[in-house]
>>> print(open('target-v6.txt').read())   # compact mmCIF, C-alpha atoms
# COMPACT_ATOMS: atom_id res chain seq x y z
CA MET A 1110 -32.08 -12.42 -55.37
CA THR A 1111 -28.84 -12.93 -57.28
CA ALA A 1112 -25.95 -14.98 -55.96
CA PRO A 1113 -23.69 -11.95 -55.23
CA ALA A 1114 -26.49 -10.31 -53.28
CA VAL A 1115 -27.04 -13.47 -51.25
CA HIS A 1116 -23.31 -13.65 -50.54
CA VAL A 1117 -23.22 -10.02 -49.37
CA GLN A 1118 -26.26 -10.58 -47.16
CA ALA A 1119 -24.66 -13.67 -45.60
CA GLU A 1120 -21.43 -11.77 -44.98
CA ARG A 1121 -23.33 -8.97 -43.26
CA SER A 1122 -25.14 -11.51 -41.10
CA GLN A 1123 -21.84 -13.06 -40.07
CA GLN A 1124 -20.44 -9.64 -39.21
CA ASP A 1125 -23.54 -8.85 -37.13
CA ILE A 1126 -23.16 -12.16 -35.29
CA ARG A 1127 -19.47 -11.51 -34.56
CA ARG A 1128 -20.28 -7.97 -33.45
CA MET A 1129 -23.01 -9.30 -31.15
CA ARG A 1130 -20.64 -11.89 -29.66
CA LYS A 1131 -18.01 -9.25 -28.97
CA ARG A 1132 -20.63 -7.04 -27.33
CA MET A 1133 -21.90 -9.89 -25.16
CA LEU A 1134 -18.33 -10.82 -24.17
CA LEU A 1135 -17.65 -7.20 -23.24
CA TRP A 1136 -20.78 -7.00 -21.11
CA LEU A 1137 -19.84 -10.30 -19.46
CA GLN A 1138 -16.41 -8.89 -18.60
CA TYR A 1139 -18.03 -5.78 -17.13
CA LEU A 1140 -20.37 -7.96 -15.08
CA VAL A 1141 -17.49 -10.01 -13.69
CA LEU A 1142 -15.53 -6.86 -12.83
CA VAL A 1143 -18.55 -5.30 -11.10
CA VAL A 1144 -19.11 -8.45 -9.05
CA LEU A 1145 -15.44 -8.55 -8.03
CA ALA A 1146 -15.52 -4.85 -7.13
CA LEU A 1147 -18.59 -5.39 -4.95
CA LEU A 1148 -16.91 -8.32 -3.21
CA PHE A 1149 -13.87 -6.19 -2.40
CA LEU A 1150 -15.97 -3.19 -1.32
CA PHE A 1151 -18.38 -5.19 0.84
CA PRO A 1152 -16.10 -5.38 3.95
CA ILE A 1153 -15.52 -1.60 3.79
CA ALA A 1154 -19.22 -0.92 3.36
CA TRP A 1155 -20.09 -3.30 6.20
CA SER A 1156 -17.58 -1.60 8.53
CA PHE A 1157 -18.96 1.83 7.66
CA ILE A 1158 -22.55 0.74 8.24
CA ASN A 1159 -21.66 -0.69 11.66
CA SER A 1160 -19.67 2.42 12.54
CA ILE A 1161 -22.73 4.68 12.20
CA LYS A 1162 -25.00 2.45 14.27
CA LEU A 1163 -25.76 3.02 17.92
CA PRO A 1164 -23.27 1.11 20.13
CA SER A 1165 -25.98 -1.23 21.39
CA GLU A 1166 -27.21 -1.88 17.86
CA ALA A 1167 -23.67 -2.53 16.52
CA MET A 1168 -23.18 -5.23 19.17
CA ALA A 1169 -26.62 -6.82 18.67
CA VAL A 1170 -26.87 -10.55 17.92
CA PRO A 1171 -27.98 -11.31 15.26
CA PRO A 1172 -26.68 -8.15 13.58
CA THR A 1173 -28.96 -5.76 11.74
CA TYR A 1174 -28.08 -4.93 8.16
CA LEU A 1175 -29.03 -1.26 8.17
CA PRO A 1176 -28.93 1.16 11.12
CA GLU A 1177 -32.24 2.12 12.65
CA GLU A 1178 -30.72 5.47 13.55
CA ILE A 1179 -27.59 7.08 12.14
CA SER A 1180 -25.25 7.94 14.97
CA LEU A 1181 -21.67 9.23 15.26
CA ARG A 1182 -21.35 8.09 18.85
CA ASN A 1183 -18.80 5.43 17.94
CA TYR A 1184 -16.52 8.05 16.39
CA GLU A 1185 -16.99 10.30 19.41
CA GLU A 1186 -16.00 7.42 21.68
CA LEU A 1187 -12.74 7.01 19.77
CA THR A 1188 -11.68 10.52 20.72
CA THR A 1189 -11.85 9.69 24.44
CA TYR A 1190 -11.05 5.96 24.43
CA GLY A 1191 -8.23 4.99 26.77
CA LYS A 1192 -6.04 7.71 28.20
CA ILE A 1193 -5.45 9.91 25.17
CA GLY A 1194 -7.94 8.87 22.47
CA ILE A 1195 -7.33 8.03 18.84
CA ALA A 1196 -5.77 11.37 17.79
CA GLN A 1197 -2.40 10.63 19.44
CA HIS A 1198 -2.25 7.17 17.89
CA VAL A 1199 -3.04 8.57 14.44
CA TYR A 1200 -0.20 11.03 15.01
CA ASN A 1201 2.15 8.20 16.00
CA SER A 1202 1.28 6.21 12.89
CA THR A 1203 1.69 9.29 10.71
CA VAL A 1204 5.15 10.08 12.10
CA VAL A 1205 6.32 6.49 11.67
CA ALA A 1206 4.88 6.28 8.14
CA LEU A 1207 6.48 9.56 7.03
CA ILE A 1208 9.91 8.58 8.38
CA THR A 1209 9.57 5.18 6.72
CA VAL A 1210 8.59 6.73 3.39
CA ALA A 1211 11.45 9.25 3.48
CA GLY A 1212 14.04 6.67 4.47
CA SER A 1213 12.80 4.09 1.97
CA ILE A 1214 12.85 6.59 -0.90
CA ILE A 1215 16.34 7.90 -0.14
CA LEU A 1216 18.01 4.53 0.45
CA SER A 1217 16.15 2.69 -2.31
CA THR A 1218 16.95 5.43 -4.83
CA LEU A 1219 20.64 5.52 -3.97
CA GLY A 1220 20.88 1.72 -3.88
CA GLY A 1221 18.96 1.24 -7.11
CA TYR A 1222 21.02 3.91 -8.87
CA GLY A 1223 24.24 2.28 -7.73
CA PHE A 1224 23.21 -1.19 -8.91
CA ALA A 1225 21.92 0.16 -12.23
CA ARG A 1226 24.68 2.56 -13.23
CA PHE A 1227 27.95 1.56 -11.51
CA ASP A 1228 30.14 -1.48 -11.98
CA PHE A 1229 31.98 -2.81 -8.94
CA PRO A 1230 33.29 -6.24 -7.87
CA GLY A 1231 30.55 -8.58 -6.65
CA LYS A 1232 27.70 -6.36 -7.83
CA ASN A 1233 25.53 -9.20 -9.12
CA VAL A 1234 26.21 -11.36 -6.07
CA LEU A 1235 25.34 -8.49 -3.75
CA PHE A 1236 22.14 -7.75 -5.67
CA ILE A 1237 21.10 -11.41 -5.48
CA MET A 1238 21.73 -11.30 -1.73
CA VAL A 1239 19.49 -8.26 -1.45
CA LEU A 1240 16.73 -10.00 -3.42
CA SER A 1241 17.11 -13.18 -1.38
CA THR A 1242 16.02 -11.31 1.73
CA LEU A 1243 12.56 -11.05 0.16
CA MET A 1244 12.17 -14.78 0.80
CA ILE A 1245 12.93 -14.45 4.53
CA PRO A 1246 9.80 -14.06 6.67
CA PHE A 1247 10.17 -10.84 8.60
CA GLN A 1248 8.85 -12.57 11.73
CA SER A 1249 12.03 -14.64 11.81
CA ILE A 1250 14.30 -11.59 12.14
CA LEU A 1251 12.26 -9.64 14.69
CA ILE A 1252 14.30 -10.93 17.64
CA PRO A 1253 17.72 -9.94 16.15
CA LEU A 1254 16.26 -6.56 15.19
CA PHE A 1255 14.84 -6.14 18.68
CA VAL A 1256 18.26 -6.84 20.22
CA MET A 1257 19.94 -4.34 17.89
CA ILE A 1258 17.34 -1.65 18.56
CA VAL A 1259 17.73 -2.10 22.32
CA GLN A 1260 21.53 -1.87 22.06
CA VAL A 1261 21.35 1.48 20.27
CA ASP A 1262 18.76 2.71 22.80
CA LEU A 1263 15.98 3.16 20.23
CA HIS A 1264 13.54 0.71 21.83
CA ASP A 1265 10.08 2.13 22.43
CA THR A 1266 10.67 5.09 20.09
CA LEU A 1267 8.85 6.00 16.91
CA PHE A 1268 12.14 6.53 15.10
CA GLY A 1269 13.37 3.05 16.05
CA LEU A 1270 10.14 1.48 14.79
CA ALA A 1271 10.48 3.42 11.54
CA LEU A 1272 14.02 2.04 11.10
CA VAL A 1273 12.62 -1.48 11.40
CA TYR A 1274 10.03 -0.74 8.73
CA ILE A 1275 12.68 0.74 6.44
CA THR A 1276 14.62 -2.52 6.80
CA PHE A 1277 11.56 -4.44 5.63
CA GLN A 1278 10.98 -2.13 2.65
CA LEU A 1279 14.53 -1.85 1.29
CA PRO A 1280 14.81 -5.13 -0.70
CA PHE A 1281 11.69 -4.44 -2.78
CA GLY A 1282 12.51 -0.73 -3.05
CA ILE A 1283 16.06 -1.34 -4.32
CA PHE A 1284 14.81 -3.93 -6.80
CA LEU A 1285 12.14 -1.59 -8.17
CA MET A 1286 14.38 1.48 -8.37
CA ARG A 1287 17.19 -0.48 -10.04
CA ASN A 1288 14.81 -1.58 -12.79
CA SER A 1289 13.42 1.95 -13.07
CA PHE A 1290 16.90 3.36 -13.64
CA LEU A 1291 17.69 0.60 -16.15
CA ALA A 1292 14.66 1.69 -18.16
CA VAL A 1293 16.28 5.12 -18.72
CA PRO A 1294 18.55 5.22 -21.81
CA HIS A 1295 22.25 5.65 -21.09
CA GLU A 1296 22.49 8.34 -23.77
CA ILE A 1297 20.66 10.79 -21.50
CA GLU A 1298 23.31 10.38 -18.81
CA GLU A 1299 26.15 10.56 -21.29
CA SER A 1300 24.94 13.91 -22.61
CA ALA A 1301 24.75 15.23 -19.04
CA LEU A 1302 28.29 14.01 -18.34
CA LEU A 1303 29.54 15.86 -21.40
CA ASP A 1304 27.97 19.01 -19.96
CA GLY A 1305 30.09 18.61 -16.83
CA CYS A 1306 27.54 17.12 -14.42
CA SER A 1307 28.70 14.72 -11.70
CA SER A 1308 26.95 11.45 -10.92
CA LEU A 1309 25.10 12.92 -7.94
CA SER A 1310 24.16 15.98 -9.95
CA ILE A 1311 22.76 13.79 -12.72
CA LEU A 1312 20.78 11.81 -10.16
CA TYR A 1313 19.36 14.90 -8.48
CA ARG A 1314 18.77 17.17 -11.47
CA LEU A 1315 17.82 14.67 -14.16
CA MET A 1316 17.22 11.07 -13.17
CA LEU A 1317 14.80 11.65 -10.30
CA ARG A 1318 12.31 13.22 -12.68
CA LEU A 1319 12.57 10.33 -15.11
CA VAL A 1320 12.04 7.64 -12.45
CA LEU A 1321 9.31 9.52 -10.57
CA PRO A 1322 6.73 6.71 -11.04
CA GLY A 1323 9.12 4.26 -9.42
CA ILE A 1324 9.74 6.63 -6.50
CA VAL A 1325 6.00 7.09 -5.98
CA THR A 1326 5.50 3.31 -6.08
CA VAL A 1327 8.12 2.83 -3.37
CA ALA A 1328 6.50 5.59 -1.32
CA ILE A 1329 3.03 4.04 -1.60
CA TYR A 1330 4.28 0.60 -0.60
CA ALA A 1331 6.25 2.01 2.31
CA PHE A 1332 3.36 4.12 3.57
CA ILE A 1333 0.68 1.42 3.35
CA ASN A 1334 2.88 -1.30 4.88
CA SER A 1335 4.05 0.88 7.77
CA TRP A 1336 0.59 2.33 8.36
CA ASN A 1337 -1.07 -1.10 8.59
CA GLU A 1338 1.74 -3.12 10.22
CA PHE A 1339 0.86 -4.62 13.59
CA LEU A 1340 3.31 -7.27 14.81
CA ALA A 1341 6.51 -5.21 14.87
CA ALA A 1342 4.69 -2.25 16.42
CA LEU A 1343 3.36 -4.52 19.16
CA ILE A 1344 6.82 -5.97 19.90
CA PHE A 1345 8.96 -2.83 19.69
CA MET A 1346 6.57 -0.48 21.50
CA SER A 1347 5.67 -0.88 25.18
CA ASP A 1348 4.48 2.62 26.08
CA GLN A 1349 0.75 2.77 25.35
CA ASP A 1350 0.97 6.47 24.51
CA LYS A 1351 3.30 5.56 21.61
CA PHE A 1352 1.17 2.77 20.16
CA THR A 1353 0.45 3.05 16.46
CA LEU A 1354 -3.11 2.91 15.16
CA PRO A 1355 -3.29 -0.88 14.47
CA VAL A 1356 -2.14 -1.67 18.02
CA PHE A 1357 -4.59 0.87 19.42
CA LEU A 1358 -7.44 -0.82 17.55
CA THR A 1359 -6.71 -4.10 19.34
CA THR A 1360 -7.30 -2.38 22.67
CA ILE A 1361 -10.69 -1.28 21.36
CA ARG A 1362 -11.35 -4.78 20.12
CA TYR A 1363 -10.78 -6.45 23.48
CA GLY A 1364 -11.26 -3.59 25.90
CA ILE A 1365 -10.13 -3.60 29.51
CA TRP A 1366 -12.26 -6.55 30.60
CA GLY A 1367 -12.16 -8.49 27.34
CA ASP A 1368 -15.47 -7.19 25.99
CA VAL A 1369 -16.03 -6.50 22.31
CA ASN A 1370 -16.80 -2.91 21.35
CA TRP A 1371 -17.76 -3.57 17.74
CA GLY A 1372 -19.11 -0.11 16.98
CA ALA A 1373 -15.94 1.73 18.07
CA LEU A 1374 -13.78 -0.92 16.43
CA GLN A 1375 -15.51 -0.50 13.06
CA ALA A 1376 -15.24 3.28 13.38
CA GLY A 1377 -11.51 2.89 13.98
CA VAL A 1378 -11.22 0.64 10.93
CA ILE A 1379 -12.81 3.32 8.77
CA VAL A 1380 -10.45 5.96 10.17
CA SER A 1381 -7.45 3.74 9.42
CA ILE A 1382 -8.60 3.06 5.85
CA ILE A 1383 -9.02 6.69 4.78
CA PRO A 1384 -5.30 7.71 4.51
CA SER A 1385 -4.21 4.61 2.59
CA LEU A 1386 -7.19 4.77 0.25
CA GLY A 1387 -6.77 8.50 -0.36
CA ILE A 1388 -3.05 8.26 -1.12
CA PHE A 1389 -3.53 5.32 -3.47
CA LEU A 1390 -6.36 7.02 -5.39
CA ALA A 1391 -4.38 10.25 -5.68
CA LEU A 1392 -1.19 8.58 -6.90
CA GLN A 1393 -2.52 5.51 -8.71
CA ARG A 1394 -1.40 6.79 -12.13
CA TYR A 1395 2.22 7.00 -10.97
CA TYR A 1396 1.82 3.67 -9.17
CA MET A 1397 0.76 1.83 -12.32
CA ASP A 1398 3.48 3.52 -14.38
CA GLY A 1399 6.06 2.55 -11.78
CA LEU A 1400 5.05 -1.10 -11.74
CA MET A 1401 4.75 -1.46 -15.50
CA GLY A 1402 7.81 0.63 -16.35
CA GLY A 1403 10.18 -0.67 -13.69
CA ALA A 1404 9.13 -3.88 -12.02
CA VAL A 1405 8.82 -5.88 -15.25
CA LYS A 1406 11.96 -4.47 -16.82
CA ASN A 1407 14.60 -7.12 -17.45
>>> encode(input="target-v6.txt", output="C-alpha cells")
Amino acid sequence: MTAPAVHVQAERSQQDIRRMRKRMLLWLQYLVLVVLALLFLFPIAWSFINSIKLPSEAMAVPPTYLPEEISLRNYEELTTYGKIGIAQHVYNSTVVALITVAGSIILSTLGGYGFARFDFPGKNVLFIMVLSTLMIPFQSILIPLFVMIVQVDLHDTLFGLALVYITFQLPFGIFLMRNSFLAVPHEIEESALLDGCSSLSILYRLMLRLVLPGIVTVAIYAFINSWNEFLAALIFMSDQDKFTLPVFLTTIRYGIWGDVNWGALQAGVIVSIIPSLGIFLALQRYYMDGLMGGAVKN
C-alpha cells in the first residue's frame, strides 16, 4: 500500500473514531436526561399509583408498590369529603387563579410598557425599587397585607386573596414585560406614531401581539403560583367553604381526628397537578420564547 493510501486510511480511521465518540457522548447525554426525567416523574407516578389503590391498601405499612386491585374509591371519597367535597375547592382555586392571572397580566403589561417606553424623573430608581421587592420574603409582609385587607373589608374573600397573589407576582411580571418591550425595535412604534396612533392604541393594536410570549410567561407563573400557594390562603381565609385546593388537601391529610388518609390525599394531589401540567404543556412554546426573548434581554 502506498504512502498516500495509508494516510487516507488513517484519516478515515480518525474520522470514524471521532464520529464514534460523538455518538457515545450523545447517547450518554440522552441517558442522563432520561434518568433525570424519571427522577422528576417518580413522585407523580407514585402518587397516581397510590391514588388508585384501595384505601386500606394505600395506608398499609409497609406500602405495596403496585395495587392489587385498581379502585377509584379514593377519588369518589374526594367528592363527599368534608361538607362540600373537592368540587367547591377546585372552583375557589380556579376563581382566585383566573383573577390573579388577569390582574397580573394587565398591571405587569402596563408597568413594563411604561418602564420600557417612557422617560420620567426617577424611572431607574423606581424600577430598582420594584426589583428589590423580589428579595423580600413574602412571609415577612403577610401581616401588613392582612391588616390592609381587613381594613378594606376584603378578608375571607376570594377577590382579596387574589389581590394578595397579584402583589406577589407584580415585581417579576413588570421585570419580564419591561424586557419584552425593550426587545421590540423602536422603529415599529415610530411608524405607528406617524400613522396617528396614540400610545395606548399602539400598545393594544400592535405591541401586545409582539410581546405575546412574555404575556403568556407571566400568565403561567401567576396561575401556577396562585394555584399551588398555601400559606397566604391559610392566613387570609377562615371560612372552610372558601378554602382553596391546597388548604383543602391539608384537611384530608390530617382528617378530623388527626388520622392520615393517604389514598384520598394522593388522589387530591393528582387532581391538583392536572391543571398546572396541562397549561404548561399547552403553552410551553410561548413560555420558552418569553423567557429567552425577554428575561435575558439587557
>>> atom_distance(input="target-v6.txt", atom1="atom CA of A:Ser1347", atom2="atom CA of A:Ala1328")
27.3 Å
>>> atom_distance(input="target-v6.txt", atom1="atom CA of A:Gln1393", atom2="atom CA of A:Phe1332")
13.7 Å
>>> closest_residue(input="target-v6.txt", among="A:Ser1217, A:Asn1334, A:Asn1370, A:Ser1310", to="A:Glu1186", atoms="all atoms listed in the file")
A:Asn1370
>>> closest_atom_pairs(input="target-v6.txt", of="stretch 1276-1347 of chain A", to="stretch 1248-1267 of chain A", cutoff="8 Å", atoms="only C-alpha atoms", output="JSON lines")
{"residue": "A:Ala1341", "atom": "CA", "partner": "A:Leu1251", "partner_atom": "CA", "distance": 7.3}
{"residue": "A:Phe1345", "atom": "CA", "partner": "A:Asp1265", "partner_atom": "CA", "distance": 5.8}
{"residue": "A:Met1346", "atom": "CA", "partner": "A:Asp1265", "partner_atom": "CA", "distance": 4.5}
{"residue": "A:Ser1347", "atom": "CA", "partner": "A:Asp1265", "partner_atom": "CA", "distance": 6.0}
>>> closest_residue(input="target-v6.txt", among="A:Val1204, A:Ala1271, A:Tyr1174, A:Leu1137", to="A:Ala1154", atoms="all atoms listed in the file")
A:Tyr1174
>>> atom_distance(input="target-v6.txt", atom1="atom CA of A:Ile1237", atom2="atom CA of A:Ile1283")
11.3 Å
>>> residues_near_point(input="target-v6.txt", point="(-30.2, -1.0, 14.0)", cutoff="6 Å", atoms="all atoms listed in the file", output="list in words")
Glu1166, Thr1173, Leu1175, Pro1176 and Glu1177 of chain A
>>> axis_aligned_box(input="target-v6.txt", around="stretch 1372-1385 of chain A", padding_each_side="8 Å", output="lines of an AutoDock Vina configuration file")
center_x = -11.7
center_y = 3.4
center_z = 10.3
size_x = 30.9
size_y = 24.6
size_z = 31.5
>>> residues_around(input="target-v6.txt", residues="A:Thr1353", least_positions_apart="4", cutoff="10 Å", atoms="only C-alpha atoms", output="number ranges by chain")
A: 1195, 1197-1206, 1267, 1270, 1335-1339, 1342-1343, 1346, 1349, 1357-1358
>>> closest_residue(input="target-v6.txt", among="A:Gly1194, A:Pro1172, A:Pro1294, A:Gly1323", to="A:Gly1377", atoms="only C-alpha atoms")
A:Gly1194
>>> closest_atom_pairs(input="target-v6.txt", of="stretch 1183-1274 of chain A", to="stretch 1295-1302 of chain A", cutoff="12 Å", atoms="all atoms listed in the file", output="CSV")
residue,atom,partner,partner_atom,distance
A:Ala1225,CA,A:His1295,CA,10.4
A:Arg1226,CA,A:His1295,CA,8.8
A:Phe1227,CA,A:His1295,CA,11.9
>>> write_last_selection(input="target-v6.txt", atoms="C-alpha atoms", output="compact mmCIF listing (two decimals), in the coordinates of the input")
# COMPACT_ATOMS: atom_id res chain seq x y z
CA ALA A 1225 21.92 0.16 -12.23
CA ARG A 1226 24.68 2.56 -13.23
CA PHE A 1227 27.95 1.56 -11.51
>>> closest_residue(input="target-v6.txt", among="A:Ile1311, A:Gly1223, A:Ala1331, A:Phe1352", to="A:Asn1288", atoms="all atoms listed in the file")
A:Gly1223
>>> closest_residue(input="target-v6.txt", among="A:Phe1277, A:Lys1232, A:Lys1351, A:Gln1138", to="A:Pro1246", atoms="all atoms listed in the file")
A:Phe1277
>>> residues_around(input="target-v6.txt", residues="A:Leu1321", least_positions_apart="2", cutoff="10 Å", atoms="all atoms listed in the file", output="list in words")
Met1286, Ser1289, Met1316, Leu1317, Arg1318, Leu1319, Gly1323, Ile1324, Val1325, Thr1326, Val1327, Tyr1395, Tyr1396, Asp1398 and Gly1399 of chain A
>>> write_last_selection(input="target-v6.txt", atoms="C-alpha atoms", output="compact mmCIF listing (two decimals), in the coordinates of the input")
# COMPACT_ATOMS: atom_id res chain seq x y z
CA MET A 1286 14.38 1.48 -8.37
CA SER A 1289 13.42 1.95 -13.07
CA MET A 1316 17.22 11.07 -13.17
CA LEU A 1317 14.80 11.65 -10.30
CA ARG A 1318 12.31 13.22 -12.68
CA LEU A 1319 12.57 10.33 -15.11
CA GLY A 1323 9.12 4.26 -9.42
CA ILE A 1324 9.74 6.63 -6.50
CA VAL A 1325 6.00 7.09 -5.98
CA THR A 1326 5.50 3.31 -6.08
CA VAL A 1327 8.12 2.83 -3.37
CA TYR A 1395 2.22 7.00 -10.97
CA TYR A 1396 1.82 3.67 -9.17
CA ASP A 1398 3.48 3.52 -14.38
CA GLY A 1399 6.06 2.55 -11.78
>>> closest_residue(input="target-v6.txt", among="A:Ile1214, A:Ser1165, A:Asn1233, A:Ile1153", to="A:Ile1383", atoms="all atoms listed in the file")
A:Ile1153
>>> decode(input="target-v6.txt", residues="stretch 1154-1180 of chain A", atoms="N, CA and C atoms", output="PDB file, in the first residue's frame")
ATOM      1  N   ALA A1154     -45.793   9.624  39.528  1.00  0.00           N
ATOM      2  CA  ALA A1154     -46.207   8.243  39.294  1.00  0.00           C
ATOM      3  C   ALA A1154     -46.566   7.552  40.611  1.00  0.00           C
ATOM      4  N   TRP A1155     -45.788   7.806  41.662  1.00  0.00           N
ATOM      5  CA  TRP A1155     -46.061   7.183  42.956  1.00  0.00           C
ATOM      6  C   TRP A1155     -47.407   7.672  43.524  1.00  0.00           C
ATOM      7  N   SER A1156     -47.689   8.969  43.382  1.00  0.00           N
ATOM      8  CA  SER A1156     -48.977   9.494  43.844  1.00  0.00           C
ATOM      9  C   SER A1156     -50.128   8.877  43.072  1.00  0.00           C
ATOM     10  N   PHE A1157     -49.969   8.733  41.762  1.00  0.00           N
ATOM     11  CA  PHE A1157     -51.038   8.152  40.952  1.00  0.00           C
ATOM     12  C   PHE A1157     -51.273   6.689  41.322  1.00  0.00           C
ATOM     13  N   ILE A1158     -50.201   5.945  41.518  1.00  0.00           N
ATOM     14  CA  ILE A1158     -50.350   4.534  41.888  1.00  0.00           C
ATOM     15  C   ILE A1158     -51.088   4.405  43.218  1.00  0.00           C
ATOM     16  N   ASN A1159     -50.736   5.241  44.192  1.00  0.00           N
ATOM     17  CA  ASN A1159     -51.411   5.177  45.489  1.00  0.00           C
ATOM     18  C   ASN A1159     -52.851   5.655  45.412  1.00  0.00           C
ATOM     19  N   SER A1160     -53.128   6.548  44.451  1.00  0.00           N
ATOM     20  CA  SER A1160     -54.498   7.070  44.352  1.00  0.00           C
ATOM     21  C   SER A1160     -55.474   6.039  43.796  1.00  0.00           C
ATOM     22  N   ILE A1161     -54.984   5.038  43.072  1.00  0.00           N
ATOM     23  CA  ILE A1161     -55.880   4.024  42.507  1.00  0.00           C
ATOM     24  C   ILE A1161     -55.863   2.732  43.316  1.00  0.00           C
ATOM     25  N   LYS A1162     -55.244   2.757  44.496  1.00  0.00           N
ATOM     26  CA  LYS A1162     -55.304   1.618  45.398  1.00  0.00           C
ATOM     27  C   LYS A1162     -56.563   1.685  46.249  1.00  0.00           C
ATOM     28  N   LEU A1163     -56.921   0.567  46.849  1.00  0.00           N
ATOM     29  CA  LEU A1163     -57.976   0.578  47.848  1.00  0.00           C
ATOM     30  C   LEU A1163     -57.514   1.396  49.049  1.00  0.00           C
ATOM     31  N   PRO A1164     -58.416   2.093  49.752  1.00  0.00           N
ATOM     32  CA  PRO A1164     -57.990   2.914  50.889  1.00  0.00           C
ATOM     33  C   PRO A1164     -57.166   2.145  51.913  1.00  0.00           C
ATOM     34  N   SER A1165     -57.555   0.933  52.222  1.00  0.00           N
ATOM     35  CA  SER A1165     -56.797   0.140  53.192  1.00  0.00           C
ATOM     36  C   SER A1165     -55.411  -0.204  52.657  1.00  0.00           C
ATOM     37  N   GLU A1166     -55.315  -0.466  51.370  1.00  0.00           N
ATOM     38  CA  GLU A1166     -54.026  -0.809  50.774  1.00  0.00           C
ATOM     39  C   GLU A1166     -53.123   0.408  50.684  1.00  0.00           C
ATOM     40  N   ALA A1167     -53.695   1.605  50.418  1.00  0.00           N
ATOM     41  CA  ALA A1167     -52.889   2.825  50.327  1.00  0.00           C
ATOM     42  C   ALA A1167     -52.285   3.200  51.676  1.00  0.00           C
ATOM     43  N   MET A1168     -52.921   2.799  52.764  1.00  0.00           N
ATOM     44  CA  MET A1168     -52.445   3.141  54.100  1.00  0.00           C
ATOM     45  C   MET A1168     -51.673   2.000  54.743  1.00  0.00           C
ATOM     46  N   ALA A1169     -51.394   0.926  53.968  1.00  0.00           N
ATOM     47  CA  ALA A1169     -50.708  -0.239  54.517  1.00  0.00           C
ATOM     48  C   ALA A1169     -49.251   0.082  54.820  1.00  0.00           C
ATOM     49  N   VAL A1170     -48.721  -0.539  55.858  1.00  0.00           N
ATOM     50  CA  VAL A1170     -47.314  -0.401  56.250  1.00  0.00           C
ATOM     51  C   VAL A1170     -46.730  -1.800  56.390  1.00  0.00           C
ATOM     52  N   PRO A1171     -45.663  -2.131  55.602  1.00  0.00           N
ATOM     53  CA  PRO A1171     -45.004  -1.293  54.587  1.00  0.00           C
ATOM     54  C   PRO A1171     -45.859  -1.170  53.340  1.00  0.00           C
ATOM     55  N   PRO A1172     -45.652  -0.111  52.555  1.00  0.00           N
ATOM     56  CA  PRO A1172     -46.502   0.096  51.379  1.00  0.00           C
ATOM     57  C   PRO A1172     -46.215  -0.912  50.281  1.00  0.00           C
ATOM     58  N   THR A1173     -47.244  -1.201  49.502  1.00  0.00           N
ATOM     59  CA  THR A1173     -47.096  -2.061  48.328  1.00  0.00           C
ATOM     60  C   THR A1173     -46.792  -1.183  47.125  1.00  0.00           C
ATOM     61  N   TYR A1174     -45.996  -1.710  46.211  1.00  0.00           N
ATOM     62  CA  TYR A1174     -45.567  -0.910  45.068  1.00  0.00           C
ATOM     63  C   TYR A1174     -46.640  -0.811  43.990  1.00  0.00           C
ATOM     64  N   LEU A1175     -47.347  -1.888  43.752  1.00  0.00           N
ATOM     65  CA  LEU A1175     -48.393  -1.903  42.738  1.00  0.00           C
ATOM     66  C   LEU A1175     -49.717  -2.290  43.382  1.00  0.00           C
ATOM     67  N   PRO A1176     -50.824  -1.718  42.920  1.00  0.00           N
ATOM     68  CA  PRO A1176     -52.123  -2.046  43.531  1.00  0.00           C
ATOM     69  C   PRO A1176     -52.555  -3.471  43.196  1.00  0.00           C
ATOM     70  N   GLU A1177     -53.086  -4.153  44.203  1.00  0.00           N
ATOM     71  CA  GLU A1177     -53.639  -5.476  43.946  1.00  0.00           C
ATOM     72  C   GLU A1177     -54.940  -5.387  43.172  1.00  0.00           C
ATOM     73  N   GLU A1178     -55.635  -4.278  43.358  1.00  0.00           N
ATOM     74  CA  GLU A1178     -56.902  -4.059  42.647  1.00  0.00           C
ATOM     75  C   GLU A1178     -57.030  -2.577  42.346  1.00  0.00           C
ATOM     76  N   ILE A1179     -57.289  -2.244  41.095  1.00  0.00           N
ATOM     77  CA  ILE A1179     -57.451  -0.839  40.706  1.00  0.00           C
ATOM     78  C   ILE A1179     -58.810  -0.343  41.173  1.00  0.00           C
ATOM     79  N   SER A1180     -58.792   0.731  41.921  1.00  0.00           N
ATOM     80  CA  SER A1180     -60.020   1.270  42.500  1.00  0.00           C
ATOM     81  C   SER A1180     -60.027   2.789  42.382  1.00  0.00           C
TER      82      SER A1180
END
